[in-house]
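Here's coords_38.json, which has JSON, C-alpha atoms:
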[["chain", "number", "residue", "atom", "x", "y", "z"],
["A", 1, "MET", "CA", -77.38, -51.45, -8.21],
["A", 2, "GLY", "CA", -79.43, -48.81, -6.47],
["A", 3, "ARG", "CA", -76.81, -48.38, -3.79],
["A", 4, "ASP", "CA", -74.10, -47.63, -6.41],
["A", 5, "ASN", "CA", -76.21, -44.97, -8.11],
["A", 6, "HIS", "CA", -76.99, -43.39, -4.76],
["A", 7, "ALA", "CA", -73.28, -43.23, -3.84],
["A", 8, "LEU", "CA", -72.36, -41.71, -7.24],
["A", 9, "ILE", "CA", -75.01, -39.04, -6.97],
["A", 10, "THR", "CA", -73.88, -38.22, -3.43],
["A", 11, "GLY", "CA", -70.24, -37.84, -4.56],
["A", 12, "LEU", "CA", -71.13, -35.60, -7.47],
["A", 13, "PHE", "CA", -73.25, -33.47, -5.18],
["A", 14, "LEU", "CA", -70.37, -33.02, -2.72],
["A", 15, "VAL", "CA", -67.93, -32.06, -5.49],
["A", 16, "ALA", "CA", -70.37, -29.52, -6.89],
["A", 17, "LEU", "CA", -70.99, -28.10, -3.43],
["A", 18, "VAL", "CA", -67.28, -27.63, -2.68],
["A", 19, "THR", "CA", -66.65, -26.04, -6.08],
["A", 20, "ALA", "CA", -69.54, -23.63, -5.71],
["A", 21, "SER", "CA", -68.48, -22.73, -2.17],
["A", 22, "SER", "CA", -64.92, -21.99, -3.32],
["A", 23, "ALA", "CA", -66.13, -19.88, -6.21],
["A", 24, "ILE", "CA", -68.46, -17.91, -3.96],
["A", 25, "ILE", "CA", -65.72, -17.31, -1.38],
["A", 26, "PHE", "CA", -63.26, -16.16, -4.08],
["A", 27, "TRP", "CA", -65.83, -13.88, -5.65],
["A", 28, "ILE", "CA", -66.72, -12.33, -2.31],
["A", 29, "GLY", "CA", -63.01, -11.83, -1.54],
["A", 30, "SER", "CA", -62.35, -10.18, -4.88],
["A", 31, "MET", "CA", -65.25, -7.85, -4.35],
["A", 32, "ASP", "CA", -63.91, -6.69, -1.00],
["A", 33, "GLU", "CA", -60.38, -6.07, -2.49],
["A", 34, "GLU", "CA", -60.20, -2.94, -4.65],
["A", 35, "ARG", "CA", -57.25, -2.62, -7.06],
["A", 36, "ASN", "CA", -55.97, -0.24, -9.73],
["A", 37, "ALA", "CA", -55.03, -1.46, -13.18],
["A", 38, "TYR", "CA", -51.67, -0.56, -14.77],
["A", 39, "VAL", "CA", -49.91, -1.77, -17.90],
["A", 40, "ILE", "CA", -46.24, -2.72, -18.20],
["A", 41, "SER", "CA", -44.63, -2.33, -21.62],
["A", 42, "THR", "CA", -41.41, -3.95, -22.89],
["A", 43, "ARG", "CA", -39.67, -5.02, -26.09],
["A", 44, "GLU", "CA", -37.53, -7.60, -24.26],
["A", 45, "SER", "CA", -38.27, -11.23, -23.51],
["A", 46, "VAL", "CA", -40.56, -12.06, -20.55],
["A", 47, "SER", "CA", -39.75, -15.76, -20.24],
["A", 48, "GLY", "CA", -41.31, -17.40, -17.17],
["A", 49, "LEU", "CA", -43.93, -14.66, -16.65],
["A", 50, "ASN", "CA", -47.51, -15.98, -16.47],
["A", 51, "PRO", "CA", -50.92, -14.62, -15.48],
["A", 52, "GLU", "CA", -51.54, -14.65, -11.74],
["A", 53, "SER", "CA", -47.82, -14.07, -11.11],
["A", 54, "THR", "CA", -47.25, -11.93, -8.04],
["A", 55, "VAL", "CA", -46.39, -8.24, -8.34],
["A", 56, "PHE", "CA", -43.99, -6.85, -5.70],
["A", 57, "TYR", "CA", -43.38, -3.21, -4.84],
["A", 58, "ARG", "CA", -40.16, -2.64, -2.89],
["A", 59, "GLY", "CA", -40.18, -6.28, -1.86],
["A", 60, "ILE", "CA", -43.84, -6.41, -0.70],
["A", 61, "ALA", "CA", -46.59, -8.27, -2.61],
["A", 62, "VAL", "CA", -49.11, -5.66, -3.76],
["A", 63, "GLY", "CA", -50.88, -7.26, -6.74],
["A", 64, "LYS", "CA", -50.82, -9.78, -9.55],
["A", 65, "VAL", "CA", -50.33, -10.15, -13.29],
["A", 66, "VAL", "CA", -53.61, -10.17, -15.20],
["A", 67, "ASN", "CA", -52.34, -11.19, -18.63],
["A", 68, "VAL", "CA", -49.29, -11.35, -20.90],
["A", 69, "GLN", "CA", -49.95, -10.34, -24.52],
["A", 70, "PHE", "CA", -48.55, -8.60, -27.58],
["A", 71, "ASP", "CA", -49.55, -5.04, -28.37],
["A", 72, "PRO", "CA", -52.23, -5.17, -31.11],
["A", 73, "LEU", "CA", -50.76, -2.04, -32.69],
["A", 74, "ASP", "CA", -47.10, -3.12, -32.46],
["A", 75, "SER", "CA", -46.19, -6.80, -32.49],
["A", 76, "GLY", "CA", -42.67, -6.02, -31.22],
["A", 77, "THR", "CA", -44.03, -4.71, -27.93],
["A", 78, "ILE", "CA", -45.28, -6.96, -25.12],
["A", 79, "LEU", "CA", -47.97, -5.64, -22.78],
["A", 80, "VAL", "CA", -48.38, -6.98, -19.24],
["A", 81, "PRO", "CA", -51.57, -5.69, -17.54],
["A", 82, "ILE", "CA", -51.28, -5.83, -13.74],
["A", 83, "GLU", "CA", -53.48, -5.07, -10.76],
["A", 84, "VAL", "CA", -52.08, -3.21, -7.72],
["A", 85, "ASP", "CA", -53.73, -2.56, -4.39],
["A", 86, "LYS", "CA", -55.59, 0.72, -4.42],
["A", 87, "ASN", "CA", -53.84, 2.03, -1.32],
["A", 88, "ILE", "CA", -50.46, 1.81, -3.13],
["A", 89, "VAL", "CA", -49.65, 5.10, -4.86],
["A", 90, "LEU", "CA", -47.19, 4.74, -7.73],
["A", 91, "ASN", "CA", -45.19, 7.69, -9.08],
["A", 92, "LYS", "CA", -44.29, 8.39, -12.70],
["A", 93, "GLY", "CA", -40.70, 7.40, -11.92],
["A", 94, "VAL", "CA", -41.67, 3.77, -11.29],
["A", 95, "TYR", "CA", -40.20, 0.97, -13.43],
["A", 96, "ALA", "CA", -40.49, -2.83, -13.46],
["A", 97, "THR", "CA", -38.00, -5.70, -13.54],
["A", 98, "LEU", "CA", -38.36, -9.47, -13.69],
["A", 99, "ARG", "CA", -37.72, -11.40, -10.49],
["A", 100, "LEU", "CA", -36.93, -15.14, -10.48],
["A", 101, "LYS", "CA", -39.12, -17.32, -8.27],
["A", 102, "GLY", "CA", -36.75, -19.83, -6.67],
["A", 103, "VAL", "CA", -35.50, -22.60, -8.96],
["A", 104, "THR", "CA", -38.82, -23.09, -10.78],
["A", 105, "GLY", "CA", -37.86, -20.88, -13.72],
["A", 106, "LEU", "CA", -40.98, -18.76, -13.17],
["A", 107, "THR", "CA", -40.65, -14.99, -12.84],
["A", 108, "GLN", "CA", -42.51, -12.30, -10.98],
["A", 109, "ILE", "CA", -42.85, -8.55, -11.39],
["A", 110, "GLN", "CA", -40.70, -6.29, -9.18],
["A", 111, "LEU", "CA", -41.67, -2.59, -9.15],
["A", 112, "GLN", "CA", -39.05, 0.01, -8.18],
["A", 113, "ASP", "CA", -39.24, 3.78, -7.83],
["A", 114, "SER", "CA", -36.34, 5.92, -9.07],
["A", 115, "GLY", "CA", -37.41, 8.75, -6.76],
["A", 116, "THR", "CA", -36.76, 11.41, -9.40],
["A", 117, "ILE", "CA", -40.44, 12.17, -10.12],
["A", 118, "SER", "CA", -42.92, 12.72, -7.29],
["A", 119, "GLU", "CA", -46.01, 13.11, -9.51],
["A", 120, "ALA", "CA", -48.54, 10.27, -9.08],
["A", 121, "LEU", "CA", -48.99, 7.79, -11.94],
["A", 122, "PRO", "CA", -52.65, 7.60, -13.05],
["A", 123, "PRO", "CA", -54.02, 4.05, -13.48],
["A", 124, "GLY", "CA", -55.25, 2.85, -16.88],
["A", 125, "ASP", "CA", -53.88, 1.80, -20.25],
["A", 126, "ASP", "CA", -52.58, 5.12, -21.51],
["A", 127, "PRO", "CA", -49.56, 4.51, -23.82],
["A", 128, "VAL", "CA", -47.89, 7.59, -22.32],
["A", 129, "SER", "CA", -48.21, 6.36, -18.73],
["A", 130, "ARG", "CA", -47.22, 2.72, -19.26],
["A", 131, "ILE", "CA", -44.64, 1.31, -16.84],
["A", 132, "PRO", "CA", -41.35, 0.39, -18.59],
["A", 133, "LEU", "CA", -39.80, -3.04, -18.02],
["A", 134, "VAL", "CA", -36.02, -2.73, -17.75],
["A", 135, "PRO", "CA", -33.47, -5.57, -17.67],
["A", 136, "SER", "CA", -32.60, -6.77, -14.18],
["A", 137, "LEU", "CA", -29.10, -7.54, -12.92],
["A", 138, "THR", "CA", -29.67, -11.21, -13.71],
["A", 139, "ASP", "CA", -30.71, -10.38, -17.27],
["A", 140, "LYS", "CA", -27.63, -8.23, -17.73],
["A", 141, "LEU", "CA", -25.41, -11.03, -16.45],
["A", 142, "MET", "CA", -27.08, -13.53, -18.75],
["A", 143, "ASP", "CA", -26.73, -11.20, -21.73],
["A", 144, "SER", "CA", -23.06, -10.67, -20.98],
["A", 145, "GLY", "CA", -22.47, -14.36, -20.23],
["A", 146, "GLU", "CA", -21.32, -15.14, -23.78],
["A", 147, "GLU", "CA", -18.88, -12.25, -23.74],
["A", 148, "LEU", "CA", -17.60, -13.35, -20.33],
["A", 149, "LEU", "CA", -17.10, -16.90, -21.61],
["A", 150, "HIS", "CA", -15.24, -15.57, -24.64],
["A", 151, "LYS", "CA", -12.96, -13.47, -22.43],
["A", 152, "ALA", "CA", -12.43, -16.44, -20.09],
["A", 153, "ASP", "CA", -11.50, -18.66, -23.04],
["A", 154, "HIS", "CA", -9.09, -16.00, -24.33],
["A", 155, "LEU", "CA", -7.56, -15.74, -20.86],
["A", 156, "MET", "CA", -7.10, -19.50, -20.61],
["A", 157, "GLN", "CA", -5.39, -19.54, -24.00],
["A", 158, "ARG", "CA", -3.02, -16.80, -22.90],
["A", 159, "LEU", "CA", -2.26, -18.66, -19.68],
["A", 160, "SER", "CA", -1.66, -21.84, -21.65],
["A", 161, "SER", "CA", 0.79, -20.06, -23.96],
["A", 162, "LEU", "CA", 2.45, -18.45, -20.97],
["A", 163, "LEU", "CA", 2.97, -21.74, -19.13],
["A", 164, "ASN", "CA", 4.67, -23.63, -21.95],
["A", 165, "ASP", "CA", 7.81, -25.72, -21.41],
["A", 166, "GLU", "CA", 10.27, -22.94, -22.24],
["A", 167, "ASN", "CA", 8.55, -20.43, -19.98],
["A", 168, "GLU", "CA", 8.42, -23.00, -17.19],
["A", 169, "LYS", "CA", 12.21, -23.32, -17.44],
["A", 170, "ASN", "CA", 12.57, -19.54, -17.42],
["A", 171, "ILE", "CA", 10.31, -19.27, -14.37],
["A", 172, "GLY", "CA", 12.39, -21.93, -12.64],
["A", 173, "GLY", "CA", 15.55, -19.97, -13.44],
["A", 174, "ILE", "CA", 13.99, -16.80, -12.10],
["A", 175, "LEU", "CA", 13.04, -18.54, -8.87],
["A", 176, "SER", "CA", 16.58, -19.93, -8.55],
["A", 177, "ASN", "CA", 18.05, -16.45, -9.09],
["A", 178, "MET", "CA", 15.67, -15.07, -6.49],
["A", 179, "LYS", "CA", 16.87, -17.69, -4.00],
["A", 180, "THR", "CA", 20.50, -16.76, -4.73],
["A", 181, "LEU", "CA", 19.67, -13.10, -4.32],
["A", 182, "THR", "CA", 17.93, -13.84, -1.02],
["A", 183, "ASP", "CA", 21.03, -15.63, 0.26],
["A", 184, "LYS", "CA", 23.22, -12.69, -0.77],
["A", 185, "LEU", "CA", 20.85, -10.29, 0.91],
["A", 186, "SER", "CA", 21.13, -12.36, 4.08],
["A", 187, "GLU", "CA", 24.93, -12.16, 3.93],
["A", 188, "LEU", "CA", 24.70, -8.44, 3.25],
["A", 189, "GLN", "CA", 22.45, -8.02, 6.27],
["A", 190, "LYS", "CA", 25.04, -9.79, 8.45],
["A", 191, "SER", "CA", 27.75, -7.45, 7.12],
["A", 192, "VAL", "CA", 25.56, -4.45, 7.82],
["A", 193, "ASP", "CA", 24.97, -5.70, 11.36],
["A", 194, "LYS", "CA", 28.72, -5.94, 11.89],
["A", 195, "ALA", "CA", 29.21, -2.46, 10.49],
["A", 196, "LEU", "CA", 26.46, -1.13, 12.75],
["A", 197, "ALA", "CA", 28.16, -2.76, 15.73],
["A", 198, "GLY", "CA", 31.26, -0.63, 15.06],
["A", 199, "VAL", "CA", 29.25, 2.57, 14.78],
["A", 200, "PRO", "CA", 29.49, 3.44, 18.53],
["A", 201, "THR", "CA", 33.32, 3.30, 18.40],
["A", 202, "LEU", "CA", 33.29, 5.38, 15.24],
["A", 203, "THR", "CA", 31.00, 7.83, 16.99],
["A", 204, "LYS", "CA", 33.46, 8.20, 19.89],
["A", 205, "ASP", "CA", 36.31, 8.80, 17.43],
["A", 206, "ALA", "CA", 34.18, 11.31, 15.61],
["A", 207, "ARG", "CA", 33.46, 13.11, 18.88],
["A", 208, "LYS", "CA", 37.20, 13.24, 19.67],
["A", 209, "THR", "CA", 37.85, 14.59, 16.19],
["A", 210, "LEU", "CA", 35.16, 17.22, 16.67],
["A", 211, "ASN", "CA", 36.75, 18.22, 20.00],
["A", 212, "ASN", "CA", 40.12, 18.57, 18.28],
["A", 213, "ILE", "CA", 38.50, 20.59, 15.53],
["A", 214, "ASP", "CA", 36.95, 22.87, 18.17],
["A", 215, "ALA", "CA", 40.37, 23.41, 19.77],
["A", 216, "LEU", "CA", 41.92, 24.06, 16.34],
["A", 217, "THR", "CA", 39.14, 26.51, 15.63],
["A", 218, "ASN", "CA", 39.88, 28.39, 18.83],
["A", 219, "ASP", "CA", 43.61, 28.51, 17.91],
["A", 220, "LEU", "CA", 42.71, 29.76, 14.45],
["A", 221, "GLN", "CA", 40.52, 32.44, 15.97],
["A", 222, "GLY", "CA", 43.42, 33.58, 18.18],
["A", 223, "LEU", "CA", 45.75, 33.53, 15.17],
["A", 224, "THR", "CA", 43.23, 35.52, 13.20],
["A", 225, "LYS", "CA", 43.12, 38.18, 15.90],
["A", 226, "ALA", "CA", 46.95, 38.30, 15.94],
["A", 227, "VAL", "CA", 46.99, 38.67, 12.15],
["A", 228, "GLN", "CA", 44.44, 41.45, 12.38],
["A", 229, "ASN", "CA", 46.64, 43.27, 14.96],
["A", 230, "LEU", "CA", 49.68, 42.70, 12.75],
["A", 231, "SER", "CA", 47.74, 44.07, 9.80],
["A", 232, "VAL", "CA", 46.92, 47.21, 11.81],
["A", 233, "LYS", "CA", 50.59, 47.64, 12.75],
["A", 234, "ALA", "CA", 51.65, 46.99, 9.16],
["A", 235, "GLY", "CA", 49.20, 49.67, 8.05],
["A", 236, "GLY", "CA", 50.79, 52.11, 10.50],
["A", 237, "LEU", "CA", 54.24, 51.14, 9.24],
["A", 238, "VAL", "CA", 53.15, 51.69, 5.66],
["A", 239, "ASP", "CA", 51.85, 55.12, 6.59],
["A", 240, "SER", "CA", 55.16, 55.94, 8.31],
["A", 241, "GLY", "CA", 57.09, 54.70, 5.30],
["A", 242, "LYS", "CA", 54.95, 56.84, 3.06],
["A", 243, "ASN", "CA", 55.65, 59.95, 5.17],
["A", 244, "SER", "CA", 59.39, 59.16, 5.21],
["A", 245, "GLY", "CA", 59.35, 58.70, 1.46],
["A", 246, "ASP", "CA", 57.65, 62.06, 0.97],
["A", 247, "ALA", "CA", 60.23, 63.76, 3.18],
["A", 248, "LEU", "CA", 63.09, 62.02, 1.35],
["A", 249, "ALA", "CA", 61.73, 63.06, -2.04],
["A", 250, "GLN", "CA", 61.17, 66.68, -0.99],
["A", 251, "SER", "CA", 64.35, 67.53, 0.97],
["A", 252, "THR", "CA", 66.99, 64.81, 0.88],
["A", 253, "LEU", "CA", 66.92, 63.92, -2.83],
["A", 254, "PRO", "CA", 67.52, 67.54, -4.06],
["A", 255, "LYS", "CA", 70.52, 67.86, -1.71],
["A", 256, "LEU", "CA", 71.84, 64.49, -2.88],
["A", 257, "ASN", "CA", 71.46, 65.55, -6.52],
["A", 258, "LYS", "CA", 73.43, 68.79, -5.84],
["A", 259, "LEU", "CA", 76.15, 66.80, -4.03],
["A", 260, "LEU", "CA", 76.40, 64.37, -6.97],
["A", 261, "THR", "CA", 76.71, 67.29, -9.41],
["A", 262, "GLU", "CA", 79.57, 68.88, -7.41],
["A", 263, "LEU", "CA", 81.25, 65.48, -7.07],
["A", 264, "GLN", "CA", 81.09, 65.04, -10.84],
["A", 265, "SER", "CA", 82.64, 68.48, -11.43],
["A", 266, "THR", "CA", 85.44, 67.74, -8.93],
["A", 267, "THR", "CA", 86.06, 64.40, -10.58],
["A", 268, "GLN", "CA", 86.46, 66.09, -13.97],
["A", 269, "GLN", "CA", 88.94, 68.60, -12.52],
["A", 270, "VAL", "CA", 90.97, 65.81, -10.89],
["A", 271, "LYS", "CA", 90.93, 63.97, -14.17],
["A", 272, "ARG", "CA", 92.28, 67.03, -16.01],
["A", 273, "VAL", "CA", 95.09, 67.45, -13.39],
["A", 274, "ALA", "CA", 96.02, 63.78, -13.72],
["A", 275, "THR", "CA", 96.13, 64.13, -17.52],
["A", 276, "MET", "CA", 98.35, 67.21, -17.21],
["A", 277, "LEU", "CA", 100.75, 65.42, -14.83],
["A", 278, "GLU", "CA", 100.93, 62.51, -17.17],
["A", 279, "ASN", "CA", 101.59, 64.55, -20.33],
["A", 280, "ASN", "CA", 103.62, 67.54, -19.02],
["A", 281, "PRO", "CA", 104.57, 67.35, -15.29],
["A", 282, "GLN", "CA", 106.59, 70.68, -15.40],
["A", 283, "GLU", "CA", 103.40, 72.58, -15.88],
["A", 284, "LEU", "CA", 102.67, 71.88, -12.20],
["A", 285, "LEU", "CA", 105.72, 74.13, -11.31],
["A", 286, "LEU", "CA", 105.96, 76.48, -14.30],
["A", 287, "GLY", "CA", 102.29, 76.75, -15.08],
["A", 288, "PRO", "CA", 100.64, 75.87, -18.27],
["A", 289, "SER", "CA", 102.57, 76.78, -21.52],
["A", 290, "GLN", "CA", 101.19, 79.57, -23.63],
["A", 291, "ARG", "CA", 99.72, 78.36, -26.87],
["A", 292, "ASP", "CA", 99.39, 80.41, -29.98],
["A", 293, "SER", "CA", 95.96, 81.84, -30.51],
["A", 294, "GLY", "CA", 93.99, 80.05, -33.12],
["A", 295, "PRO", "CA", 91.83, 81.57, -35.81],
["A", 296, "GLY", "CA", 89.01, 83.48, -34.26],
["A", 297, "GLU", "CA", 90.77, 83.78, -30.85],
["A", 298, "PRO", "CA", 92.12, 87.10, -29.42],
["A", 299, "ASP", "CA", 95.68, 88.05, -30.42],
["A", 300, "TYR", "CA", 95.60, 85.73, -33.39],
["A", 301, "LYS", "CA", 98.22, 86.65, -35.99],
["A", 302, "GLU", "CA", 98.33, 85.12, -39.38],
["A", 303, "GLN", "CA", 101.87, 83.91, -40.26],
["A", 304, "GLN", "CA", 103.62, 85.20, -43.43]]

If you convert what's in this file into structure tokens, what do you get?
Amino acid sequence: MGRDNHALITGLFLVALVTASSAIIFWIGSMDEERNAYVISTRESVSGLNPESTVFYRGIAVGKVVNVQFDPLDSGTILVPIEVDKNIVLNKGVYATLRLKGVTGLTQIQLQDSGTISEALPPGDDPVSRIPLVPSLTDKLMDSGEELLHKADHLMQRLSSLLNDENEKNIGGILSNMKTLTDKLSELQKSVDKALAGVPTLTKDARKTLNNIDALTNDLQGLTKAVQNLSVKAGGLVDSGKNSGDALAQSTLPKLNKLLTELQSTTQQVKRVATMLENNPQELLLGPSQRDSGPGEPDYKEQQ
């Protein structure tokens, strides 16, 4: 009986000694480590965040979470006091996000600096200088998960309506038409190849035609020069004709007009002689018969 009591007392003593040693070591370690206190403020959920959770700054562990509590002055706001190593200087542009810890469901604090404000953030629980907690990429994806599921369901319904029996037949017909078109394109390609094979011969013929056109062009140029010379000669001929016409109008035509006038007078005299011979031929030998003077003529005598 005495041995059992002695063993129990010895065990309790060892447990108390280990516990006291651990507490002393932890207390001494916390005394050597100096930290600044900051407060994180958020109105969002902080599921998985517990006291003693690690605080990271740019991916490096720099402190821990002291507590998670509601704001006594505003129950809609959650306050998360944290401790950060004193040698870490935070700026007023710093903000916090929640970081998942593996697959445990627990979260940790991730501090990030926007870099827009270089002024140092003073430690303490000043409502103006509290660090905001913003949603992380994971939180945004989780918040939009329902909307994504709704859009995915809507998309599946549209695909289901698109792939009904009638549309499947139409798609099959389209594929068949595409195959027919592909075959025709293949035949067309063969025809084009044949046509391209005859292009060299056509090119030779075209070159011969161009040579003939060049020769015809040279002949036309010579003909053009001949026409130009002929035009010059024709111009000279026109000028000569104009001079001849002026001379004819000035000298020859008046003489011709005078000749025509004399010819007309002679013709009238011949006509009178022919009339006389026809009516009274003896007048040619005896002379014209004397006629009595008419009224108003000389030697006119009025008969009684």

Sorted per-residue table, stretch 72-164 of chain A near stretch 48-65 of chain A, closest atoms and distance, 8 Å, all atoms listed in the file, as a tab-separated table:
residue	atom	partner	partner_atom	distance
A:Val80	CA	A:Val65	CA	7.0
A:Pro81	CA	A:Val65	CA	6.3
A:Ile82	CA	A:Val65	CA	4.4
A:Glu83	CA	A:Gly63	CA	5.3
A:Val84	CA	A:Gly63	CA	4.3
A:Asp85	CA	A:Val62	CA	5.6
A:Ile88	CA	A:Val62	CA	7.6
A:Gly105	CA	A:Gly48	CA	6.0
A:Leu106	CA	A:Gly48	CA	4.2
A:Thr107	CA	A:Gly48	CA	5.0
A:Gln108	CA	A:Thr54	CA	5.6
A:Ile109	CA	A:Val55	CA	4.7
A:Gln110	CA	A:Phe56	CA	4.8
A:Leu111	CA	A:Tyr57	CA	4.7
A:Gln112	CA	A:Arg58	CA	6.0

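What separates atom CA of A:Glu44 from atom CA of A:Ser75 is a distance of 12.0 Å.
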
Name the residues within 7 Å of (-43.1, -12.2, -23.0), counting only C-alpha atoms in the file's coordinates, and put them as a PyMOL selection string.
chain A and resi 45-47+49+68+78

Serialized selection, C-alpha atoms, as a compact mmCIF listing (two decimals), in the frame of the given file:
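Result went into result-v6.txt, see below:
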# COMPACT_ATOMS: atom_id res chain seq x y z
CA SER A 45 -38.27 -11.23 -23.51
CA VAL A 46 -40.56 -12.06 -20.55
CA SER A 47 -39.75 -15.76 -20.24
CA LEU A 49 -43.93 -14.66 -16.65
CA VAL A 68 -49.29 -11.35 -20.90
CA ILE A 78 -45.28 -6.96 -25.12

Would you compute the distance between atom CA of A:Gly93 and atom CA of A:Ser118? Give it in Å to one decimal.
7.4 Å

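Between atom CA of A:Asp126 and atom CA of A:Asn36 lies a distance of 13.4 Å.
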
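Once A:Pro127 and its same-chain neighbours fewer than 2 positions away are set aside, Val39, Ile40, Ser41, Gly124, Asp125, Ser129, Arg130 and Ile131 of chain A remain within 10 Å of it when counting all atoms listed in the file.
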
Mind working out the centre and edge lengths of an axis-aligned box for stretch 166-183 of chain A, all listed atoms inside, 8 Å added to each side, rounded to one decimal in Å and written as JSON?
{"center_x": 14.7, "center_y": -18.2, "center_z": -11.0, "size_x": 28.6, "size_y": 26.2, "size_z": 38.5}

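Closest to A:Pro123 among A:Ala7, A:Ala16, A:Ala37, A:Ala152 is A:Ala37, based on all atoms listed in the file.
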
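Minimum atom-to-atom distances from A:Gln221, A:Thr42, A:Ser176, A:Gln264 to A:Ala96 were compared using all atoms listed in the file, and the lowest value belongs to A:Thr42.
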